[in-house]
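Below is model-v5.csv, holding CSV, N, CA and C atoms.
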```csv
chain,number,residue,atom,x,y,z
N,91,MET,N,3.5,-9.6,-3.4
N,91,MET,CA,3.4,-9.6,-2.0
N,91,MET,C,2.2,-10.5,-1.5
N,92,HIS,N,1.1,-10.4,-2.2
N,92,HIS,CA,0.0,-11.2,-1.9
N,92,HIS,C,0.3,-12.7,-1.9
N,93,LEU,N,1.0,-13.1,-2.9
N,93,LEU,CA,1.4,-14.5,-3.1
N,93,LEU,C,2.2,-14.9,-1.9
N,94,SER,N,3.2,-14.1,-1.5
N,94,SER,CA,4.0,-14.5,-0.4
N,94,SER,C,3.2,-14.6,0.9
N,95,LEU,N,2.3,-13.7,1.1
N,95,LEU,CA,1.5,-13.8,2.4
N,95,LEU,C,0.6,-15.0,2.3
N,96,ALA,N,0.0,-15.3,1.1
N,96,ALA,CA,-0.8,-16.4,0.9
N,96,ALA,C,0.0,-17.7,1.2
N,97,THR,N,1.2,-17.8,0.8
N,97,THR,CA,2.0,-18.9,1.0
N,97,THR,C,2.3,-19.1,2.5
N,98,LEU,N,2.6,-18.0,3.2
N,98,LEU,CA,2.9,-18.1,4.6
N,98,LEU,C,1.6,-18.6,5.3
N,99,TYR,N,0.4,-18.1,4.9
N,99,TYR,CA,-0.8,-18.5,5.5
N,99,TYR,C,-1.1,-20.0,5.3
N,100,ILE,N,-0.8,-20.5,4.1
N,100,ILE,CA,-1.0,-21.9,3.8
N,100,ILE,C,-0.1,-22.7,4.6
N,101,ALA,N,1.2,-22.3,4.7
N,101,ALA,CA,2.2,-23.0,5.5
N,101,ALA,C,1.8,-23.1,7.0
N,102,GLN,N,1.2,-22.0,7.5
N,102,GLN,CA,0.8,-22.0,8.9
N,102,GLN,C,-0.4,-22.9,9.1
N,103,ALA,N,-1.4,-22.8,8.1
N,103,ALA,CA,-2.6,-23.6,8.3
N,103,ALA,C,-2.4,-25.1,8.1
N,104,THR,N,-1.4,-25.5,7.3
N,104,THR,CA,-1.1,-26.9,7.2
N,104,THR,C,0.0,-27.3,8.1
N,105,ASN,N,0.4,-26.5,9.1
N,105,ASN,CA,1.4,-26.8,10.1
N,105,ASN,C,2.8,-27.2,9.4
N,106,THR,N,3.2,-26.5,8.4
N,106,THR,CA,4.4,-26.7,7.7
N,106,THR,C,5.5,-25.8,8.2
N,107,PRO,N,6.5,-26.3,8.9
N,107,PRO,CA,7.5,-25.3,9.4
N,107,PRO,C,8.4,-24.8,8.3
N,108,LEU,N,8.7,-23.5,8.3
N,108,LEU,CA,9.5,-22.9,7.3
N,108,LEU,C,10.6,-22.1,8.0
N,109,THR,N,11.9,-22.3,7.6
N,109,THR,CA,13.0,-21.6,8.1
N,109,THR,C,12.9,-20.2,7.5
N,110,VAL,N,13.7,-19.3,8.1
N,110,VAL,CA,13.8,-17.9,7.6
N,110,VAL,C,14.3,-17.9,6.1
N,111,SER,N,15.3,-18.7,5.9
N,111,SER,CA,15.9,-18.8,4.5
N,111,SER,C,14.8,-19.3,3.5
N,112,GLN,N,14.0,-20.3,3.9
N,112,GLN,CA,13.0,-20.8,3.0
N,112,GLN,C,11.9,-19.7,2.8
N,113,GLN,N,11.6,-18.9,3.8
N,113,GLN,CA,10.6,-17.8,3.7
N,113,GLN,C,11.1,-16.8,2.7
N,114,LEU,N,12.4,-16.4,2.9
N,114,LEU,CA,13.0,-15.4,2.0
N,114,LEU,C,13.1,-15.9,0.5
N,115,GLY,N,13.4,-17.2,0.4
N,115,GLY,CA,13.5,-17.8,-0.9
N,115,GLY,C,12.1,-17.8,-1.6
N,116,LEU,N,11.1,-18.2,-0.8
N,116,LEU,CA,9.7,-18.1,-1.3
N,116,LEU,C,9.3,-16.7,-1.7
N,117,LEU,N,9.7,-15.7,-0.9
N,117,LEU,CA,9.4,-14.3,-1.2
N,117,LEU,C,10.1,-13.9,-2.5
N,118,ALA,N,11.3,-14.3,-2.7
N,118,ALA,CA,12.0,-13.9,-4.0
N,118,ALA,C,11.3,-14.6,-5.2
N,119,VAL,N,11.0,-15.9,-5.1
N,119,VAL,CA,10.4,-16.6,-6.2
N,119,VAL,C,9.0,-16.0,-6.5
N,120,MET,N,8.2,-15.7,-5.4
N,120,MET,CA,6.9,-15.2,-5.6
N,120,MET,C,6.9,-13.8,-6.2
N,121,LEU,N,7.9,-13.0,-5.8
N,121,LEU,CA,7.9,-11.7,-6.4
N,121,LEU,C,8.2,-11.8,-7.9
N,122,LEU,N,9.0,-12.7,-8.3
N,122,LEU,CA,9.3,-12.9,-9.7
N,122,LEU,C,8.1,-13.5,-10.5
N,123,THR,N,7.5,-14.5,-9.9
N,123,THR,CA,6.4,-15.2,-10.6
N,123,THR,C,5.1,-14.3,-10.7
N,124,SER,N,5.0,-13.4,-9.7
N,124,SER,CA,3.7,-12.6,-9.7
N,124,SER,C,3.7,-11.5,-10.8
N,125,LYS,N,4.9,-11.2,-11.4
N,125,LYS,CA,5.0,-10.2,-12.4
N,125,LYS,C,4.1,-10.5,-13.6
N,126,GLY,N,4.2,-11.8,-14.1
N,126,GLY,CA,3.4,-12.1,-15.2
N,126,GLY,C,1.9,-12.3,-15.0
N,127,ALA,N,1.5,-12.5,-13.7
N,127,ALA,CA,0.1,-12.7,-13.4
N,127,ALA,C,-0.7,-11.5,-13.1
N,128,ALA,N,0.0,-10.3,-13.1
N,128,ALA,CA,-0.7,-9.1,-12.7
N,128,ALA,C,-1.8,-8.7,-13.7
N,129,GLY,N,-1.6,-8.9,-15.0
N,129,GLY,CA,-2.6,-8.5,-16.0
N,129,GLY,C,-3.7,-9.5,-16.3
N,130,VAL,N,-3.7,-10.6,-15.7
N,130,VAL,CA,-4.6,-11.7,-16.1
N,130,VAL,C,-5.5,-11.9,-14.9
N,131,ALA,N,-6.8,-11.9,-15.1
N,131,ALA,CA,-7.8,-12.2,-14.0
N,131,ALA,C,-7.6,-13.6,-13.5
N,132,GLY,N,-7.3,-13.8,-12.2
N,132,GLY,CA,-7.1,-15.1,-11.7
N,132,GLY,C,-5.7,-15.6,-11.9
N,133,GLY,N,-4.9,-14.9,-12.5
N,133,GLY,CA,-3.5,-15.3,-12.8
N,133,GLY,C,-2.7,-15.5,-11.6
N,134,GLY,N,-2.9,-14.7,-10.6
N,134,GLY,CA,-2.2,-14.8,-9.3
N,134,GLY,C,-2.4,-16.2,-8.7
N,135,PHE,N,-3.6,-16.7,-8.7
N,135,PHE,CA,-4.0,-18.0,-8.1
N,135,PHE,C,-3.3,-19.1,-8.9
N,136,ILE,N,-3.2,-19.0,-10.2
N,136,ILE,CA,-2.6,-20.0,-11.0
N,136,ILE,C,-1.1,-19.9,-10.8
N,137,ALA,N,-0.5,-18.7,-10.7
N,137,ALA,CA,0.9,-18.6,-10.4
N,137,ALA,C,1.3,-19.2,-9.0
N,138,LEU,N,0.4,-18.9,-8.1
N,138,LEU,CA,0.6,-19.5,-6.7
N,138,LEU,C,0.6,-21.0,-6.7
N,139,THR,N,-0.4,-21.6,-7.4
N,139,THR,CA,-0.5,-23.0,-7.5
N,139,THR,C,0.7,-23.6,-8.2
N,140,ALA,N,1.1,-23.0,-9.3
N,140,ALA,CA,2.3,-23.6,-10.0
N,140,ALA,C,3.6,-23.5,-9.2
N,141,THR,N,3.7,-22.3,-8.5
N,141,THR,CA,5.0,-22.1,-7.8
N,141,THR,C,5.0,-23.1,-6.6
N,142,LEU,N,3.9,-23.3,-5.9
N,142,LEU,CA,3.9,-24.2,-4.7
N,142,LEU,C,4.1,-25.6,-5.1
N,143,SER,N,3.6,-26.0,-6.3
N,143,SER,CA,3.8,-27.4,-6.7
N,143,SER,C,5.2,-27.6,-7.2
N,144,THR,N,5.8,-26.5,-7.7
N,144,THR,CA,7.2,-26.7,-8.2
N,144,THR,C,8.2,-26.7,-7.1
N,145,ILE,N,8.1,-25.7,-6.1
N,145,ILE,CA,9.0,-25.6,-5.0
N,145,ILE,C,8.9,-26.8,-4.1
N,146,GLY,N,7.7,-27.1,-3.7
N,146,GLY,CA,7.5,-28.3,-2.8
N,146,GLY,C,7.7,-28.1,-1.3
N,147,THR,N,8.1,-26.9,-0.8
N,147,THR,CA,8.2,-26.8,0.6
N,147,THR,C,6.9,-26.6,1.3
N,148,VAL,N,5.9,-26.1,0.6
N,148,VAL,CA,4.5,-26.0,1.2
N,148,VAL,C,3.6,-26.9,0.3
N,149,PRO,N,2.7,-27.6,1.0
N,149,PRO,CA,1.9,-28.5,0.2
N,149,PRO,C,1.0,-27.7,-0.7
N,150,ALA,N,0.9,-28.1,-2.0
N,150,ALA,CA,0.1,-27.4,-3.0
N,150,ALA,C,-1.4,-27.6,-2.8
N,151,ALA,N,-1.7,-28.7,-2.1
N,151,ALA,CA,-3.1,-29.0,-1.8
N,151,ALA,C,-3.7,-27.9,-0.8
N,152,GLY,N,-2.8,-27.2,-0.1
N,152,GLY,CA,-3.3,-26.2,0.8
N,152,GLY,C,-3.9,-25.0,0.1
N,153,ILE,N,-3.7,-24.9,-1.2
N,153,ILE,CA,-4.2,-23.8,-2.0
N,153,ILE,C,-5.8,-23.8,-1.9
N,154,MET,N,-6.4,-24.9,-1.6
N,154,MET,CA,-7.8,-24.9,-1.5
N,154,MET,C,-8.3,-24.1,-0.3
N,155,LEU,N,-7.4,-23.8,0.6
N,155,LEU,CA,-7.8,-23.0,1.8
N,155,LEU,C,-8.1,-21.6,1.4
N,156,ILE,N,-7.5,-21.1,0.4
N,156,ILE,CA,-7.8,-19.7,0.0
N,156,ILE,C,-8.5,-19.6,-1.4
N,157,PHE,N,-9.0,-20.7,-1.9
N,157,PHE,CA,-9.7,-20.8,-3.2
N,157,PHE,C,-11.0,-19.9,-3.1
N,158,GLY,N,-11.7,-20.1,-2.0
N,158,GLY,CA,-13.0,-19.4,-1.9
N,158,GLY,C,-12.9,-17.9,-1.8
N,159,ILE,N,-11.8,-17.4,-1.2
N,159,ILE,CA,-11.7,-16.0,-0.9
N,159,ILE,C,-10.9,-15.3,-2.0
N,160,ASP,N,-10.3,-16.0,-3.0
N,160,ASP,CA,-9.4,-15.4,-4.0
N,160,ASP,C,-10.2,-14.5,-4.9
N,161,LYS,N,-11.4,-14.8,-5.3
N,161,LYS,CA,-12.1,-13.9,-6.2
N,161,LYS,C,-12.3,-12.5,-5.5
N,162,PHE,N,-12.7,-12.6,-4.3
N,162,PHE,CA,-12.9,-11.3,-3.5
N,162,PHE,C,-11.6,-10.6,-3.4
N,163,MET,N,-10.6,-11.3,-3.0
N,163,MET,CA,-9.3,-10.6,-2.9
N,163,MET,C,-8.7,-10.1,-4.2
N,164,SER,N,-9.1,-10.7,-5.3
N,164,SER,CA,-8.7,-10.2,-6.6
N,164,SER,C,-9.4,-8.9,-6.9
N,165,GLU,N,-10.6,-8.8,-6.5
N,165,GLU,CA,-11.3,-7.5,-6.7
N,165,GLU,C,-10.7,-6.4,-5.8
N,166,CYS,N,-10.4,-6.8,-4.6
N,166,CYS,CA,-9.7,-5.8,-3.7
N,166,CYS,C,-8.4,-5.3,-4.2
N,167,ARG,N,-7.6,-6.3,-4.7
N,167,ARG,CA,-6.3,-5.9,-5.3
N,167,ARG,C,-6.4,-5.0,-6.5
N,168,ALA,N,-7.5,-5.3,-7.3
N,168,ALA,CA,-7.7,-4.4,-8.5
N,168,ALA,C,-8.1,-3.0,-8.1
N,169,ARG,N,-8.9,-2.9,-7.1
N,169,ARG,CA,-9.3,-1.5,-6.6
N,169,ARG,C,-8.1,-0.8,-6.0
N,170,ALA,N,-7.3,-1.5,-5.3
N,170,ALA,CA,-6.1,-0.9,-4.6
N,170,ALA,C,-5.1,-0.4,-5.7
N,171,VAL,N,-4.9,-1.2,-6.8
N,171,VAL,CA,-4.1,-0.8,-7.9
N,171,VAL,C,-4.6,0.4,-8.6
N,172,LEU,N,-5.9,0.4,-8.8
N,172,LEU,CA,-6.6,1.6,-9.4
N,172,LEU,C,-6.4,2.8,-8.6
N,173,ALA,N,-6.6,2.7,-7.3
N,173,ALA,CA,-6.5,3.9,-6.4
N,173,ALA,C,-5.0,4.3,-6.4
N,174,GLY,N,-4.1,3.4,-6.4
N,174,GLY,CA,-2.7,3.8,-6.4
N,174,GLY,C,-2.3,4.5,-7.6
N,175,LYS,N,-2.9,4.1,-8.7
N,175,LYS,CA,-2.5,4.8,-10.0
N,175,LYS,C,-3.2,6.1,-10.1
N,176,ASP,N,-4.4,6.3,-9.5
N,176,ASP,CA,-5.1,7.6,-9.6
N,176,ASP,C,-4.6,8.7,-8.6
N,177,VAL,N,-4.0,8.3,-7.5
N,177,VAL,CA,-3.5,9.3,-6.6
N,177,VAL,C,-2.5,10.2,-7.2
N,178,PRO,N,-1.5,9.7,-7.9
N,178,PRO,CA,-0.5,10.7,-8.5
N,178,PRO,C,-1.1,11.6,-9.5
N,179,GLU,N,-2.3,11.3,-10.0
N,179,GLU,CA,-2.9,12.1,-11.1
N,179,GLU,C,-3.7,13.3,-10.5
N,180,LEU,N,-3.9,13.4,-9.2
N,180,LEU,CA,-4.6,14.5,-8.6
N,180,LEU,C,-3.8,15.8,-8.8
N,181,PRO,N,-4.5,16.8,-9.2
N,181,PRO,CA,-3.8,18.1,-9.4
N,181,PRO,C,-3.3,18.7,-8.1
N,182,GLU,N,-2.2,19.3,-8.2
N,182,GLU,CA,-1.7,20.0,-7.0
N,182,GLU,C,-2.0,21.5,-7.2
N,183,PRO,N,-2.3,22.1,-6.1
N,183,PRO,CA,-2.5,23.6,-6.2
N,183,PRO,C,-1.2,24.3,-6.5
N,184,GLY,N,-1.1,25.0,-7.6
N,184,GLY,CA,0.1,25.7,-7.9
N,184,GLY,C,0.2,27.1,-7.3
N,185,PRO,N,1.2,27.8,-7.7
N,185,PRO,CA,1.3,29.2,-7.1
N,185,PRO,C,0.2,30.1,-7.6
N,186,ALA,N,-0.4,29.8,-8.7
N,186,ALA,CA,-1.5,30.6,-9.2
N,186,ALA,C,-2.8,30.5,-8.3
N,187,ALA,N,-2.9,29.3,-7.6
N,187,ALA,CA,-4.1,29.1,-6.8
N,187,ALA,C,-4.0,30.0,-5.5
N,188,ALA,N,-2.8,30.4,-5.1
N,188,ALA,CA,-2.6,31.2,-3.9
N,188,ALA,C,-2.8,32.7,-4.2
N,189,GLU,N,-2.7,33.1,-5.5
N,189,GLU,CA,-2.9,34.5,-5.8
N,189,GLU,C,-4.4,34.8,-5.9
N,190,PRO,N,-4.8,36.0,-5.4
N,190,PRO,CA,-6.2,36.4,-5.5
N,190,PRO,C,-6.6,36.6,-7.0
N,191,GLN,N,-7.8,36.2,-7.3
N,191,GLN,CA,-8.3,36.5,-8.6
N,191,GLN,C,-9.0,37.8,-8.7
N,192,HIS,N,-9.2,38.3,-9.9
N,192,HIS,CA,-9.9,39.6,-10.1
N,192,HIS,C,-11.3,39.5,-9.5
N,193,GLY,N,-11.6,40.4,-8.7
N,193,GLY,CA,-12.9,40.4,-8.0
N,193,GLY,C,-13.0,39.7,-6.7
N,194,ASP,N,-11.9,39.0,-6.3
N,194,ASP,CA,-11.9,38.4,-5.0
N,194,ASP,C,-11.6,39.4,-3.9
N,195,PRO,N,-12.2,39.3,-2.8
N,195,PRO,CA,-11.9,40.2,-1.7
N,195,PRO,C,-10.4,40.0,-1.3
N,196,VAL,N,-9.7,41.0,-1.1
N,196,VAL,CA,-8.3,41.0,-0.7
N,196,VAL,C,-8.2,41.5,0.7
N,197,ALA,N,-7.4,40.7,1.5
N,197,ALA,CA,-7.2,41.1,2.9
N,197,ALA,C,-6.2,42.2,2.9
N,198,VAL,N,-6.5,43.3,3.5
N,198,VAL,CA,-5.6,44.5,3.6
N,198,VAL,C,-5.0,44.5,5.0
N,199,PRO,N,-3.7,44.4,5.1
N,199,PRO,CA,-3.1,44.4,6.5
N,199,PRO,C,-3.4,45.8,7.2
N,200,LEU,N,-3.7,45.7,8.4
N,200,LEU,CA,-4.0,46.9,9.2
N,200,LEU,C,-2.7,47.5,9.6
N,201,THR,N,-2.6,48.8,9.5
N,201,THR,CA,-1.3,49.5,9.9
N,201,THR,C,-1.7,50.4,11.0
N,202,ARG,N,-0.7,50.8,11.8
N,202,ARG,CA,-1.0,51.7,12.9
N,202,ARG,C,-0.3,53.0,12.7
```
Can you dump the structure from the file as structure tokens?
Amino acid sequence: MHLSLATLYIAQATNTPLTVSQQLGLLAVMLLTSKGAAGVAGGGFIALTATLSTIGTVPAAGIMLIFGIDKFMSECRARAVLAGKDVPELPEPGPAAAEPQHGDPVAVPLTR
């Protein structure tokens, strides 16, 4: 997803018109090429450069527009992935958590 958005940013910054079909095609290609770059530091930037130079609809020289911010964005992506993997690991309170433990004060319903 990041590579697709970076491609659209580069296209807008270089004033390169893209049709909807070109945008969807770039999205499909970027989704496929980003799979191999996920485990390598800086791999997304290399995959973006290689894909832009191969497809040719967006000038590959525009990659320099995001070169400076890519290291920071890589750190943010890593933290988001880490948080996304940690959230399902949080324990859920089960039915035992709702039951009073021995020694806990128990609310007694008032009767008339």
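Among N:Thr147, N:Thr139, N:Ser94, N:Gln102, the residue with the shortest atom-to-atom distance to Leu121 of chain N, counting only C-alpha atoms, is N:Ser94.
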Report task. Grab the atom N of Ala96 of chain N to atom CA of Lys175 of chain N distance for me, in Å with one decimal place. Result -> 23.1 Å
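Here atom CA of Thr104 of chain N and atom N of Gly152 of chain N stand 7.5 Å from one another.
Going from atom CA of Ser124 of chain N to atom CA of Leu98 of chain N covers 15.3 Å.
Comparing the minimum interatomic distances between Ile153 of chain N and each of N:Gly132, N:Val171, N:Leu138, N:Pro107, counting all atoms listed in the file, we find that N:Leu138 sits nearest.
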Report task. Could you tell me which of N:Met154, N:Val119, N:Ala140, N:Gly146 comes closest to Thr106 of chain N if we count only C-alpha atoms? Result -> N:Gly146
Query raised in the report: Which polymer residues have any atom within 7 Å of an atom of Pro149 of chain N, counting all atoms listed in the file, with same-chain residues fewer than 6 positions away left out, as number ranges by chain?
Result: N: 100-101, 106, 142-143
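Closest approach to Gln112 of chain N among N:Met163, N:Ile145, N:Leu155, N:Ala173 is made by N:Ile145 (distances from only C-alpha atoms).
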Report summary line: Using only C-alpha atoms, the shortest atom-to-atom distance to Leu122 of chain N among N:Asn105, N:Leu93, N:Tyr99, N:Val148 belongs to N:Leu93
So which residues of segment 115-166 of chain N fall under alpha helix (DSSP H) by DSSP, listed as a PDB file with N, CA and C atoms, keeping the file's coordinate frame?
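As a result, result34.pdb now contains:
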```pdb
ATOM      1  N   GLY N 115      13.400 -17.200   0.400  1.00  0.00           N
ATOM      2  CA  GLY N 115      13.500 -17.800  -0.900  1.00  0.00           C
ATOM      3  C   GLY N 115      12.100 -17.800  -1.600  1.00  0.00           C
ATOM      4  N   LEU N 116      11.100 -18.200  -0.800  1.00  0.00           N
ATOM      5  CA  LEU N 116       9.700 -18.100  -1.300  1.00  0.00           C
ATOM      6  C   LEU N 116       9.300 -16.700  -1.700  1.00  0.00           C
ATOM      7  N   LEU N 117       9.700 -15.700  -0.900  1.00  0.00           N
ATOM      8  CA  LEU N 117       9.400 -14.300  -1.200  1.00  0.00           C
ATOM      9  C   LEU N 117      10.100 -13.900  -2.500  1.00  0.00           C
ATOM     10  N   ALA N 118      11.300 -14.300  -2.700  1.00  0.00           N
ATOM     11  CA  ALA N 118      12.000 -13.900  -4.000  1.00  0.00           C
ATOM     12  C   ALA N 118      11.300 -14.600  -5.200  1.00  0.00           C
ATOM     13  N   VAL N 119      11.000 -15.900  -5.100  1.00  0.00           N
ATOM     14  CA  VAL N 119      10.400 -16.600  -6.200  1.00  0.00           C
ATOM     15  C   VAL N 119       9.000 -16.000  -6.500  1.00  0.00           C
ATOM     16  N   MET N 120       8.200 -15.700  -5.400  1.00  0.00           N
ATOM     17  CA  MET N 120       6.900 -15.200  -5.600  1.00  0.00           C
ATOM     18  C   MET N 120       6.900 -13.800  -6.200  1.00  0.00           C
ATOM     19  N   LEU N 121       7.900 -13.000  -5.800  1.00  0.00           N
ATOM     20  CA  LEU N 121       7.900 -11.700  -6.400  1.00  0.00           C
ATOM     21  C   LEU N 121       8.200 -11.800  -7.900  1.00  0.00           C
ATOM     22  N   LEU N 122       9.000 -12.700  -8.300  1.00  0.00           N
ATOM     23  CA  LEU N 122       9.300 -12.900  -9.700  1.00  0.00           C
ATOM     24  C   LEU N 122       8.100 -13.500 -10.500  1.00  0.00           C
ATOM     25  N   THR N 123       7.500 -14.500  -9.900  1.00  0.00           N
ATOM     26  CA  THR N 123       6.400 -15.200 -10.600  1.00  0.00           C
ATOM     27  C   THR N 123       5.100 -14.300 -10.700  1.00  0.00           C
ATOM     28  N   GLY N 133      -4.900 -14.900 -12.500  1.00  0.00           N
ATOM     29  CA  GLY N 133      -3.500 -15.300 -12.800  1.00  0.00           C
ATOM     30  C   GLY N 133      -2.700 -15.500 -11.600  1.00  0.00           C
ATOM     31  N   GLY N 134      -2.900 -14.700 -10.600  1.00  0.00           N
ATOM     32  CA  GLY N 134      -2.200 -14.800  -9.300  1.00  0.00           C
ATOM     33  C   GLY N 134      -2.400 -16.200  -8.700  1.00  0.00           C
ATOM     34  N   PHE N 135      -3.600 -16.700  -8.700  1.00  0.00           N
ATOM     35  CA  PHE N 135      -4.000 -18.000  -8.100  1.00  0.00           C
ATOM     36  C   PHE N 135      -3.300 -19.100  -8.900  1.00  0.00           C
ATOM     37  N   ILE N 136      -3.200 -19.000 -10.200  1.00  0.00           N
ATOM     38  CA  ILE N 136      -2.600 -20.000 -11.000  1.00  0.00           C
ATOM     39  C   ILE N 136      -1.100 -19.900 -10.800  1.00  0.00           C
ATOM     40  N   ALA N 137      -0.500 -18.700 -10.700  1.00  0.00           N
ATOM     41  CA  ALA N 137       0.900 -18.600 -10.400  1.00  0.00           C
ATOM     42  C   ALA N 137       1.300 -19.200  -9.000  1.00  0.00           C
ATOM     43  N   LEU N 138       0.400 -18.900  -8.100  1.00  0.00           N
ATOM     44  CA  LEU N 138       0.600 -19.500  -6.700  1.00  0.00           C
ATOM     45  C   LEU N 138       0.600 -21.000  -6.700  1.00  0.00           C
ATOM     46  N   THR N 139      -0.400 -21.600  -7.400  1.00  0.00           N
ATOM     47  CA  THR N 139      -0.500 -23.000  -7.500  1.00  0.00           C
ATOM     48  C   THR N 139       0.700 -23.600  -8.200  1.00  0.00           C
ATOM     49  N   ALA N 140       1.100 -23.000  -9.300  1.00  0.00           N
ATOM     50  CA  ALA N 140       2.300 -23.600 -10.000  1.00  0.00           C
ATOM     51  C   ALA N 140       3.600 -23.500  -9.200  1.00  0.00           C
ATOM     52  N   THR N 141       3.700 -22.300  -8.500  1.00  0.00           N
ATOM     53  CA  THR N 141       5.000 -22.100  -7.800  1.00  0.00           C
ATOM     54  C   THR N 141       5.000 -23.100  -6.600  1.00  0.00           C
ATOM     55  N   LEU N 142       3.900 -23.300  -5.900  1.00  0.00           N
ATOM     56  CA  LEU N 142       3.900 -24.200  -4.700  1.00  0.00           C
ATOM     57  C   LEU N 142       4.100 -25.600  -5.100  1.00  0.00           C
ATOM     58  N   SER N 143       3.600 -26.000  -6.300  1.00  0.00           N
ATOM     59  CA  SER N 143       3.800 -27.400  -6.700  1.00  0.00           C
ATOM     60  C   SER N 143       5.200 -27.600  -7.200  1.00  0.00           C
ATOM     61  N   THR N 144       5.800 -26.500  -7.700  1.00  0.00           N
ATOM     62  CA  THR N 144       7.200 -26.700  -8.200  1.00  0.00           C
ATOM     63  C   THR N 144       8.200 -26.700  -7.100  1.00  0.00           C
ATOM     64  N   ILE N 145       8.100 -25.700  -6.100  1.00  0.00           N
ATOM     65  CA  ILE N 145       9.000 -25.600  -5.000  1.00  0.00           C
ATOM     66  C   ILE N 145       8.900 -26.800  -4.100  1.00  0.00           C
ATOM     67  N   PHE N 157      -9.000 -20.700  -1.900  1.00  0.00           N
ATOM     68  CA  PHE N 157      -9.700 -20.800  -3.200  1.00  0.00           C
ATOM     69  C   PHE N 157     -11.000 -19.900  -3.100  1.00  0.00           C
ATOM     70  N   GLY N 158     -11.700 -20.100  -2.000  1.00  0.00           N
ATOM     71  CA  GLY N 158     -13.000 -19.400  -1.900  1.00  0.00           C
ATOM     72  C   GLY N 158     -12.900 -17.900  -1.800  1.00  0.00           C
ATOM     73  N   ILE N 159     -11.800 -17.400  -1.200  1.00  0.00           N
ATOM     74  CA  ILE N 159     -11.700 -16.000  -0.900  1.00  0.00           C
ATOM     75  C   ILE N 159     -10.900 -15.300  -2.000  1.00  0.00           C
ATOM     76  N   ASP N 160     -10.300 -16.000  -3.000  1.00  0.00           N
ATOM     77  CA  ASP N 160      -9.400 -15.400  -4.000  1.00  0.00           C
ATOM     78  C   ASP N 160     -10.200 -14.500  -4.900  1.00  0.00           C
ATOM     79  N   LYS N 161     -11.400 -14.800  -5.300  1.00  0.00           N
ATOM     80  CA  LYS N 161     -12.100 -13.900  -6.200  1.00  0.00           C
ATOM     81  C   LYS N 161     -12.300 -12.500  -5.500  1.00  0.00           C
ATOM     82  N   PHE N 162     -12.700 -12.600  -4.300  1.00  0.00           N
ATOM     83  CA  PHE N 162     -12.900 -11.300  -3.500  1.00  0.00           C
ATOM     84  C   PHE N 162     -11.600 -10.600  -3.400  1.00  0.00           C
ATOM     85  N   MET N 163     -10.600 -11.300  -3.000  1.00  0.00           N
ATOM     86  CA  MET N 163      -9.300 -10.600  -2.900  1.00  0.00           C
ATOM     87  C   MET N 163      -8.700 -10.100  -4.200  1.00  0.00           C
ATOM     88  N   SER N 164      -9.100 -10.700  -5.300  1.00  0.00           N
ATOM     89  CA  SER N 164      -8.700 -10.200  -6.600  1.00  0.00           C
ATOM     90  C   SER N 164      -9.400  -8.900  -6.900  1.00  0.00           C
ATOM     91  N   GLU N 165     -10.600  -8.800  -6.500  1.00  0.00           N
ATOM     92  CA  GLU N 165     -11.300  -7.500  -6.700  1.00  0.00           C
ATOM     93  C   GLU N 165     -10.700  -6.400  -5.800  1.00  0.00           C
ATOM     94  N   CYS N 166     -10.400  -6.800  -4.600  1.00  0.00           N
ATOM     95  CA  CYS N 166      -9.700  -5.800  -3.700  1.00  0.00           C
ATOM     96  C   CYS N 166      -8.400  -5.300  -4.200  1.00  0.00           C
TER      97      CYS N 166
END
```
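If only C-alpha atoms are the atoms counted, then among N:Thr109, N:Ala170, N:Ser164, N:His92 the closest residue to Lys125 of chain N is N:His92.
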Can we get segment 137-144 of chain N of that structure written down with N, CA, C and O atoms, as a PDB file, in the first residue's frame?
```pdb
ATOM      1  N   ALA N 137      12.376  -1.809  -4.310  1.00  0.00           N
ATOM      2  CA  ALA N 137      11.276  -2.366  -5.108  1.00  0.00           C
ATOM      3  C   ALA N 137      10.523  -1.262  -5.845  1.00  0.00           C
ATOM      4  O   ALA N 137      10.133  -1.443  -7.002  1.00  0.00           O
ATOM      5  N   LEU N 138      10.326  -0.128  -5.194  1.00  0.00           N
ATOM      6  CA  LEU N 138       9.649   1.003  -5.834  1.00  0.00           C
ATOM      7  C   LEU N 138      10.466   1.523  -7.014  1.00  0.00           C
ATOM      8  O   LEU N 138       9.929   1.771  -8.093  1.00  0.00           O
ATOM      9  N   THR N 139      11.764   1.680  -6.821  1.00  0.00           N
ATOM     10  CA  THR N 139      12.625   2.161  -7.898  1.00  0.00           C
ATOM     11  C   THR N 139      12.629   1.195  -9.082  1.00  0.00           C
ATOM     12  O   THR N 139      12.498   1.610 -10.238  1.00  0.00           O
ATOM     13  N   ALA N 140      12.754  -0.086  -8.785  1.00  0.00           N
ATOM     14  CA  ALA N 140      12.794  -1.082  -9.865  1.00  0.00           C
ATOM     15  C   ALA N 140      11.466  -1.131 -10.616  1.00  0.00           C
ATOM     16  O   ALA N 140      11.439  -1.217 -11.845  1.00  0.00           O
ATOM     17  N   THR N 141      10.364  -1.048  -9.874  1.00  0.00           N
ATOM     18  CA  THR N 141       9.056  -1.123 -10.518  1.00  0.00           C
ATOM     19  C   THR N 141       8.781   0.116 -11.362  1.00  0.00           C
ATOM     20  O   THR N 141       8.269   0.003 -12.480  1.00  0.00           O
ATOM     21  N   LEU N 142       9.120   1.286 -10.853  1.00  0.00           N
ATOM     22  CA  LEU N 142       8.891   2.514 -11.621  1.00  0.00           C
ATOM     23  C   LEU N 142       9.728   2.538 -12.891  1.00  0.00           C
ATOM     24  O   LEU N 142       9.252   2.977 -13.942  1.00  0.00           O
ATOM     25  N   SER N 143      10.971   2.074 -12.794  1.00  0.00           N
ATOM     26  CA  SER N 143      11.812   2.086 -13.998  1.00  0.00           C
ATOM     27  C   SER N 143      11.358   1.033 -15.003  1.00  0.00           C
ATOM     28  O   SER N 143      11.523   1.207 -16.202  1.00  0.00           O
ATOM     29  N   THR N 144      10.758  -0.057 -14.528  1.00  0.00           N
ATOM     30  CA  THR N 144      10.286  -1.103 -15.437  1.00  0.00           C
ATOM     31  C   THR N 144       8.982  -0.730 -16.117  1.00  0.00           C
ATOM     32  O   THR N 144       8.834  -0.907 -17.329  1.00  0.00           O
TER      33      THR N 144
END
```
